[in-house]
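Scroll down for the structure; my scribbles are underneath it.
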Amino acid sequence: MWDDVTAVGFGQSGSGDKFAIKHRPDGVIIPGDGFHVAFAAESRAAVDAFYRAAINHGAKDNGGSGLHPEYGDAYYAAFVFDPDGYRIEAVICGAE
């Protein structure tokens with residue numbers, strides 16, 4: 001939905017941001033292994049757009065964007081580490 005030098009906001013068109021990430025380079029404490037934030041996407045195209053935006057804003061790949069049959073036949077998701085090291089996922093399950 002928006003971005004600036006230190007943050008990015010995600011959401012559906014016309015609804016404002018529902019999830020925002022702010023870069024905090026100093027004093028960040030990363031949760032333990034296994035912690036991640038996942039949010040539902042409205043389409044596979046939205047999952048892919050999330051992945052591209054995240055990578056373009058300094059995220060690192062953590063599994064790519066696409067079908068992930070290890071989680072289910074129609075599990076389409078993108079996995080990244082944000083610039084602070086948090087695991088972030090966008091996902092849609094089932095047929096569009």
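Identifiers in the structure tokens: chain A, B, ... in order shown; residue index from 1 per chain; ligand index from 1 in order shown.
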From chain A, collect each residue whose DSSP state is strand (DSSP E or B) and return the set as a PyMOL selection string.
chain A and resi 2-3+7-10+19-22+37-40+60-67+75-81+87-93
Could you produce a table of the residues of stretch 61-89 of chain A lying within 6 Å of stretch 16-39 of chain A, with the nearest pair of atoms per residue and their separation in Å rounded to one decimal, using only C-alpha atoms, ordered by chain and increasing residue number, as a tab-separated table?
```
residue	atom	partner	partner_atom	distance
A:Arg87	CA	A:His36	CA	4.6
A:Ile88	CA	A:Val37	CA	4.9
A:Glu89	CA	A:Ala38	CA	4.4
```
Residue subset to file, keeping N, CA and C atoms, as a short mmCIF file (atom, residue, chain, number, x, y, z; two decimals), in the first residue's frame:
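Final output, saved to result_29.cif:
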```
data_model
loop_
_atom_site.label_atom_id
_atom_site.label_comp_id
_atom_site.auth_asym_id
_atom_site.auth_seq_id
_atom_site.Cartn_x
_atom_site.Cartn_y
_atom_site.Cartn_z
N ARG A 87 10.97 -13.69 10.01
CA ARG A 87 10.42 -14.56 8.95
C ARG A 87 9.00 -14.08 8.64
N ILE A 88 8.78 -13.74 7.38
CA ILE A 88 7.47 -13.23 6.94
C ILE A 88 6.97 -14.10 5.78
N GLU A 89 5.69 -14.39 5.80
CA GLU A 89 5.07 -15.22 4.76
C GLU A 89 3.78 -14.57 4.28
#
```
Could you give me, as a list in words, the residues within 12 Å of A:Asp73, counting only C-alpha atoms and dropping anything in the same chain fewer than 5 positions from it?
Gly66, Leu67, His68, Ile92, Cys93, Gly94 and Ala95 of chain A
Excluding A:Arg52 and any residue of its chain fewer than 3 positions from it, enumerate the residues within 12 Å of it, using only C-alpha atoms, and give them as an NGL selection string.
:A and (45-49 or 55-61 or 64-65 or 78-80 or 90)
Could the residues in this selection be saved with C-alpha atoms as an mmCIF file, in the first residue's frame?
```cif
data_model
loop_
_atom_site.group_PDB
_atom_site.id
_atom_site.type_symbol
_atom_site.label_atom_id
_atom_site.label_comp_id
_atom_site.auth_asym_id
_atom_site.auth_seq_id
_atom_site.Cartn_x
_atom_site.Cartn_y
_atom_site.Cartn_z
ATOM 1 C CA ALA A 45 -0.485 -12.643 -7.973
ATOM 2 C CA ALA A 46 -0.646 -10.825 -4.620
ATOM 3 C CA VAL A 47 1.711 -13.415 -3.086
ATOM 4 C CA ASP A 48 4.164 -12.850 -5.941
ATOM 5 C CA ALA A 49 3.817 -9.054 -5.618
ATOM 6 C CA ILE A 55 13.065 -8.387 -1.940
ATOM 7 C CA ASN A 56 13.168 -4.905 -3.485
ATOM 8 C CA HIS A 57 13.039 -3.396 0.028
ATOM 9 C CA GLY A 58 15.926 -5.399 1.450
ATOM 10 C CA ALA A 59 14.360 -8.720 2.442
ATOM 11 C CA LYS A 60 16.228 -11.986 1.860
ATOM 12 C CA ASP A 61 14.731 -15.071 0.241
ATOM 13 C CA GLY A 64 10.790 -18.324 -2.729
ATOM 14 C CA SER A 65 7.326 -17.627 -4.059
ATOM 15 C CA ALA A 78 6.189 -16.540 -0.426
ATOM 16 C CA PHE A 79 8.735 -16.705 2.380
ATOM 17 C CA VAL A 80 11.266 -13.987 3.218
ATOM 18 C CA ALA A 90 2.234 -14.322 2.405
#
```
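Selecting alpha helix (DSSP H) from the backbone DSSP output for stretch 11-87 of chain A yields A:Arg44, A:Ala45, A:Ala46, A:Val47, A:Asp48, A:Ala49, A:Phe50, A:Tyr51, A:Arg52, A:Ala53, A:Ala54, A:Ile55, A:Asn56.
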Selection to disk with N, CA and C atoms, as a PDB file, in the first residue's frame:
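Full text of again_25.pdb as output:
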```pdb
ATOM      1  N   ARG A  44      -2.750 -15.465  -5.933  1.00  0.00           N
ATOM      2  CA  ARG A  44      -1.357 -15.860  -6.147  1.00  0.00           C
ATOM      3  C   ARG A  44      -0.548 -14.673  -6.659  1.00  0.00           C
ATOM      4  N   ALA A  45      -1.175 -13.844  -7.483  1.00  0.00           N
ATOM      5  CA  ALA A  45      -0.485 -12.643  -7.973  1.00  0.00           C
ATOM      6  C   ALA A  45      -0.100 -11.734  -6.811  1.00  0.00           C
ATOM      7  N   ALA A  46      -0.960 -11.643  -5.795  1.00  0.00           N
ATOM      8  CA  ALA A  46      -0.646 -10.825  -4.620  1.00  0.00           C
ATOM      9  C   ALA A  46       0.517 -11.424  -3.835  1.00  0.00           C
ATOM     10  N   VAL A  47       0.583 -12.755  -3.749  1.00  0.00           N
ATOM     11  CA  VAL A  47       1.711 -13.415  -3.086  1.00  0.00           C
ATOM     12  C   VAL A  47       3.004 -13.063  -3.826  1.00  0.00           C
ATOM     13  N   ASP A  48       2.981 -13.175  -5.145  1.00  0.00           N
ATOM     14  CA  ASP A  48       4.164 -12.850  -5.941  1.00  0.00           C
ATOM     15  C   ASP A  48       4.545 -11.379  -5.806  1.00  0.00           C
ATOM     16  N   ALA A  49       3.550 -10.491  -5.780  1.00  0.00           N
ATOM     17  CA  ALA A  49       3.817  -9.054  -5.618  1.00  0.00           C
ATOM     18  C   ALA A  49       4.439  -8.770  -4.250  1.00  0.00           C
ATOM     19  N   PHE A  50       3.943  -9.438  -3.206  1.00  0.00           N
ATOM     20  CA  PHE A  50       4.541  -9.314  -1.874  1.00  0.00           C
ATOM     21  C   PHE A  50       6.014  -9.697  -1.927  1.00  0.00           C
ATOM     22  N   TYR A  51       6.301 -10.833  -2.542  1.00  0.00           N
ATOM     23  CA  TYR A  51       7.676 -11.323  -2.598  1.00  0.00           C
ATOM     24  C   TYR A  51       8.585 -10.319  -3.305  1.00  0.00           C
ATOM     25  N   ARG A  52       8.152  -9.839  -4.471  1.00  0.00           N
ATOM     26  CA  ARG A  52       8.964  -8.869  -5.213  1.00  0.00           C
ATOM     27  C   ARG A  52       9.189  -7.594  -4.401  1.00  0.00           C
ATOM     28  N   ALA A  53       8.120  -7.084  -3.778  1.00  0.00           N
ATOM     29  CA  ALA A  53       8.242  -5.858  -2.977  1.00  0.00           C
ATOM     30  C   ALA A  53       9.182  -6.073  -1.797  1.00  0.00           C
ATOM     31  N   ALA A  54       9.057  -7.213  -1.135  1.00  0.00           N
ATOM     32  CA  ALA A  54       9.917  -7.494   0.010  1.00  0.00           C
ATOM     33  C   ALA A  54      11.387  -7.545  -0.403  1.00  0.00           C
ATOM     34  N   ILE A  55      11.681  -8.275  -1.460  1.00  0.00           N
ATOM     35  CA  ILE A  55      13.065  -8.387  -1.940  1.00  0.00           C
ATOM     36  C   ILE A  55      13.588  -7.017  -2.359  1.00  0.00           C
ATOM     37  N   ASN A  56      12.758  -6.240  -3.042  1.00  0.00           N
ATOM     38  CA  ASN A  56      13.168  -4.905  -3.485  1.00  0.00           C
ATOM     39  C   ASN A  56      13.412  -3.943  -2.326  1.00  0.00           C
TER      40      ASN A  56
END
```
Go ahead and compute the interatomic distance for atom CA of A:Val8 and atom CA of A:Pro83, in Å to one decimal.
11.4 Å
A:Met1, A:Ala7, A:Val91, A:Ala40: which is nearest A:Gly72, counting only C-alpha atoms?
A:Val91
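Of the residues under consideration (A:Tyr86, A:Phe81, A:Phe10, A:Trp2), A:Phe81 shows the shortest atom-to-atom contact distance to A:Asn62 when counting only C-alpha atoms.
For the pair atom CA of A:Gly9 and atom CA of A:Gly63, the separation is 21.7 Å.
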